[in-house]
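Undergrad: Got a structure here, written out as structure tokens. Questions coming.
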Amino acid sequence: LPYGDQLDDIAQAITIGIVAGHLHDPAGPELRFYDSGPDALATYHNAIADGAAAVIGPLQKAEVAALAAKPLPRPTLALNSPDPPVGQV
């Protein structure tokens with residue numbers, strides 16, 4: 001998620017919602033949150049390398065488009081749609 005930029009409030013709200021849901025099922029998967037930073041695709045691959053079974057994000061349209069254009073090794077829930085639609089979205 002884009003922490004610390006113009007979408008920080010949205011990223012924080014999404015994080016709070018995910019954590020609140022996890023509190024109702026503490027036996028669920030471990031949660032890790034990553035700042036998408038300047039390269040969401042690299043952040044995605046870092047999450048996979050860290051053992052992510054699934055990924056939620058990215059949020060920004062350009063980042064979603066970059067991710068949708070690549071093969072995705074894990075289930076991925078993008079939080080936006082690219083404009084124009086591409087790939088797996």
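How things are named: the first chain in the structure tokens is A, the next is B, and so on; residues count from 1 in each chain; ligands count from 1 in the order shown.
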Identify, on the basis of only C-alpha atoms, every residue whose closest approach to stretch 73-81 of chain A does not exceed 9 Å; exclude the query and any residue fewer than 6 positions from it along the same chain; express the result as an NGL selection string.
TA: :A and (48 or 52-62 or 64-65 or 67 or 89)
Undergrad: Please provide as a PyMOL selection string all residues within 12 Å of A:Asp39, with the sequence filter that same-chain residues fewer than 3 positions apart are discarded (counting only C-alpha atoms).
TA: chain A and resi 1-2+34-36+42-46+58+60+62-64+66-67
Undergrad: So how far away is atom CA of A:Asp83 from atom CA of A:Leu31, in Å?
TA: 28.9 Å
Undergrad: Write out as a PyMOL selection string the set of residues from chain A that DSSP, computed on the backbone, places in helix (DSSP H, G or I).
TA: chain A and resi 8-23+40-49+61-68
Undergrad: Take the residues just selected and output them with N, CA, C and O atoms as a short mmCIF file (atom, residue, chain, number, x, y, z; two decimals), in the first residue's frame.
TA:
data_model
loop_
_atom_site.label_atom_id
_atom_site.label_comp_id
_atom_site.auth_asym_id
_atom_site.auth_seq_id
_atom_site.Cartn_x
_atom_site.Cartn_y
_atom_site.Cartn_z
N ASP A 8 -2.06 8.02 1.57
CA ASP A 8 -1.78 7.44 2.88
C ASP A 8 -3.06 7.21 3.69
O ASP A 8 -3.19 6.17 4.33
N ASP A 9 -3.99 8.16 3.68
CA ASP A 9 -5.23 7.99 4.45
C ASP A 9 -6.00 6.75 3.98
O ASP A 9 -6.53 6.00 4.80
N ILE A 10 -6.03 6.54 2.67
CA ILE A 10 -6.72 5.37 2.13
C ILE A 10 -5.97 4.10 2.52
O ILE A 10 -6.57 3.10 2.94
N ALA A 11 -4.64 4.13 2.40
CA ALA A 11 -3.83 2.96 2.77
C ALA A 11 -4.03 2.62 4.25
O ALA A 11 -4.15 1.44 4.61
N GLN A 12 -4.08 3.62 5.10
CA GLN A 12 -4.28 3.38 6.53
C GLN A 12 -5.66 2.78 6.79
O GLN A 12 -5.81 1.87 7.61
N ALA A 13 -6.70 3.29 6.10
CA ALA A 13 -8.05 2.76 6.29
C ALA A 13 -8.13 1.30 5.84
O ALA A 13 -8.76 0.48 6.52
N ILE A 14 -7.49 0.97 4.73
CA ILE A 14 -7.47 -0.42 4.26
C ILE A 14 -6.76 -1.31 5.27
O ILE A 14 -7.23 -2.40 5.60
N THR A 15 -5.63 -0.83 5.79
CA THR A 15 -4.87 -1.59 6.78
C THR A 15 -5.71 -1.85 8.02
O THR A 15 -5.77 -2.99 8.52
N ILE A 16 -6.39 -0.83 8.51
CA ILE A 16 -7.23 -0.97 9.70
C ILE A 16 -8.34 -2.00 9.46
O ILE A 16 -8.62 -2.85 10.31
N GLY A 17 -8.95 -1.96 8.28
CA GLY A 17 -10.01 -2.91 7.96
C GLY A 17 -9.50 -4.34 7.90
O GLY A 17 -10.15 -5.26 8.41
N ILE A 18 -8.33 -4.53 7.29
CA ILE A 18 -7.76 -5.88 7.20
C ILE A 18 -7.41 -6.41 8.59
O ILE A 18 -7.69 -7.56 8.93
N VAL A 19 -6.80 -5.57 9.41
CA VAL A 19 -6.43 -5.98 10.77
C VAL A 19 -7.68 -6.27 11.59
O VAL A 19 -7.72 -7.27 12.33
N ALA A 20 -8.71 -5.45 11.46
CA ALA A 20 -9.96 -5.69 12.20
C ALA A 20 -10.56 -7.04 11.82
O ALA A 20 -11.02 -7.78 12.68
N GLY A 21 -10.54 -7.36 10.53
CA GLY A 21 -11.04 -8.65 10.10
C GLY A 21 -10.21 -9.79 10.66
O GLY A 21 -10.74 -10.83 11.06
N HIS A 22 -8.91 -9.59 10.71
CA HIS A 22 -8.01 -10.62 11.23
C HIS A 22 -8.24 -10.86 12.72
O HIS A 22 -8.09 -11.99 13.20
N LEU A 23 -8.62 -9.83 13.46
CA LEU A 23 -8.88 -9.98 14.89
C LEU A 23 -10.05 -10.93 15.15
O LEU A 23 -10.12 -11.55 16.21
N ALA A 40 6.11 -0.86 -7.11
CA ALA A 40 5.16 -1.83 -6.55
C ALA A 40 5.46 -3.25 -7.02
O ALA A 40 5.23 -4.21 -6.29
N LEU A 41 5.97 -3.39 -8.24
CA LEU A 41 6.29 -4.73 -8.75
C LEU A 41 7.41 -5.37 -7.93
O LEU A 41 7.34 -6.54 -7.56
N ALA A 42 8.43 -4.59 -7.60
CA ALA A 42 9.52 -5.10 -6.75
C ALA A 42 8.98 -5.43 -5.35
O ALA A 42 9.37 -6.45 -4.77
N THR A 43 8.10 -4.60 -4.83
CA THR A 43 7.51 -4.85 -3.52
C THR A 43 6.69 -6.15 -3.55
O THR A 43 6.76 -6.95 -2.61
N TYR A 44 5.95 -6.37 -4.63
CA TYR A 44 5.18 -7.61 -4.79
C TYR A 44 6.12 -8.81 -4.73
O TYR A 44 5.87 -9.77 -4.00
N HIS A 45 7.20 -8.75 -5.48
CA HIS A 45 8.15 -9.87 -5.50
C HIS A 45 8.85 -10.04 -4.15
O HIS A 45 9.16 -11.18 -3.76
N ASN A 46 9.07 -8.97 -3.42
CA ASN A 46 9.63 -9.07 -2.06
C ASN A 46 8.65 -9.82 -1.15
O ASN A 46 9.07 -10.66 -0.35
N ALA A 47 7.36 -9.51 -1.27
CA ALA A 47 6.36 -10.20 -0.45
C ALA A 47 6.34 -11.69 -0.77
O ALA A 47 6.28 -12.53 0.13
N ILE A 48 6.42 -12.03 -2.05
CA ILE A 48 6.45 -13.44 -2.46
C ILE A 48 7.70 -14.12 -1.90
O ILE A 48 7.64 -15.22 -1.35
N ALA A 49 8.84 -13.44 -2.00
CA ALA A 49 10.10 -13.99 -1.48
C ALA A 49 10.04 -14.18 0.03
O ALA A 49 10.67 -15.09 0.58
N LYS A 61 -3.60 2.98 -9.77
CA LYS A 61 -3.92 2.43 -11.08
C LYS A 61 -2.69 2.03 -11.88
O LYS A 61 -2.66 0.97 -12.49
N ALA A 62 -1.67 2.87 -11.91
CA ALA A 62 -0.47 2.56 -12.69
C ALA A 62 0.22 1.31 -12.14
O ALA A 62 0.73 0.48 -12.91
N GLU A 63 0.24 1.16 -10.82
CA GLU A 63 0.85 -0.01 -10.20
C GLU A 63 0.05 -1.27 -10.52
O GLU A 63 0.61 -2.34 -10.78
N VAL A 64 -1.28 -1.16 -10.50
CA VAL A 64 -2.13 -2.29 -10.84
C VAL A 64 -1.89 -2.70 -12.29
O VAL A 64 -1.78 -3.89 -12.61
N ALA A 65 -1.78 -1.72 -13.18
CA ALA A 65 -1.53 -2.01 -14.59
C ALA A 65 -0.19 -2.73 -14.76
O ALA A 65 -0.09 -3.71 -15.52
N ALA A 66 0.85 -2.27 -14.07
CA ALA A 66 2.17 -2.91 -14.18
C ALA A 66 2.10 -4.35 -13.68
O ALA A 66 2.68 -5.26 -14.28
N LEU A 67 1.39 -4.58 -12.59
CA LEU A 67 1.27 -5.93 -12.04
C LEU A 67 0.43 -6.83 -12.94
O LEU A 67 0.77 -7.99 -13.16
N ALA A 68 -0.66 -6.28 -13.48
CA ALA A 68 -1.57 -7.08 -14.32
C ALA A 68 -0.91 -7.53 -15.61
O ALA A 68 -1.33 -8.52 -16.20
#
Undergrad: I need the residues in chain A that are strand (DSSP E) according to DSSP; give them as a list in words.
TA: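 Matching residues for strand (DSSP E) in chain A are Val55, Ile56, Thr76 and Leu77 of chain A.
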Undergrad: By how many Å are atom CA of A:Gly4 and atom CA of A:Arg32 apart?
TA: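 Between atom CA of A:Gly4 and atom CA of A:Arg32 the gap is 17.0 Å.
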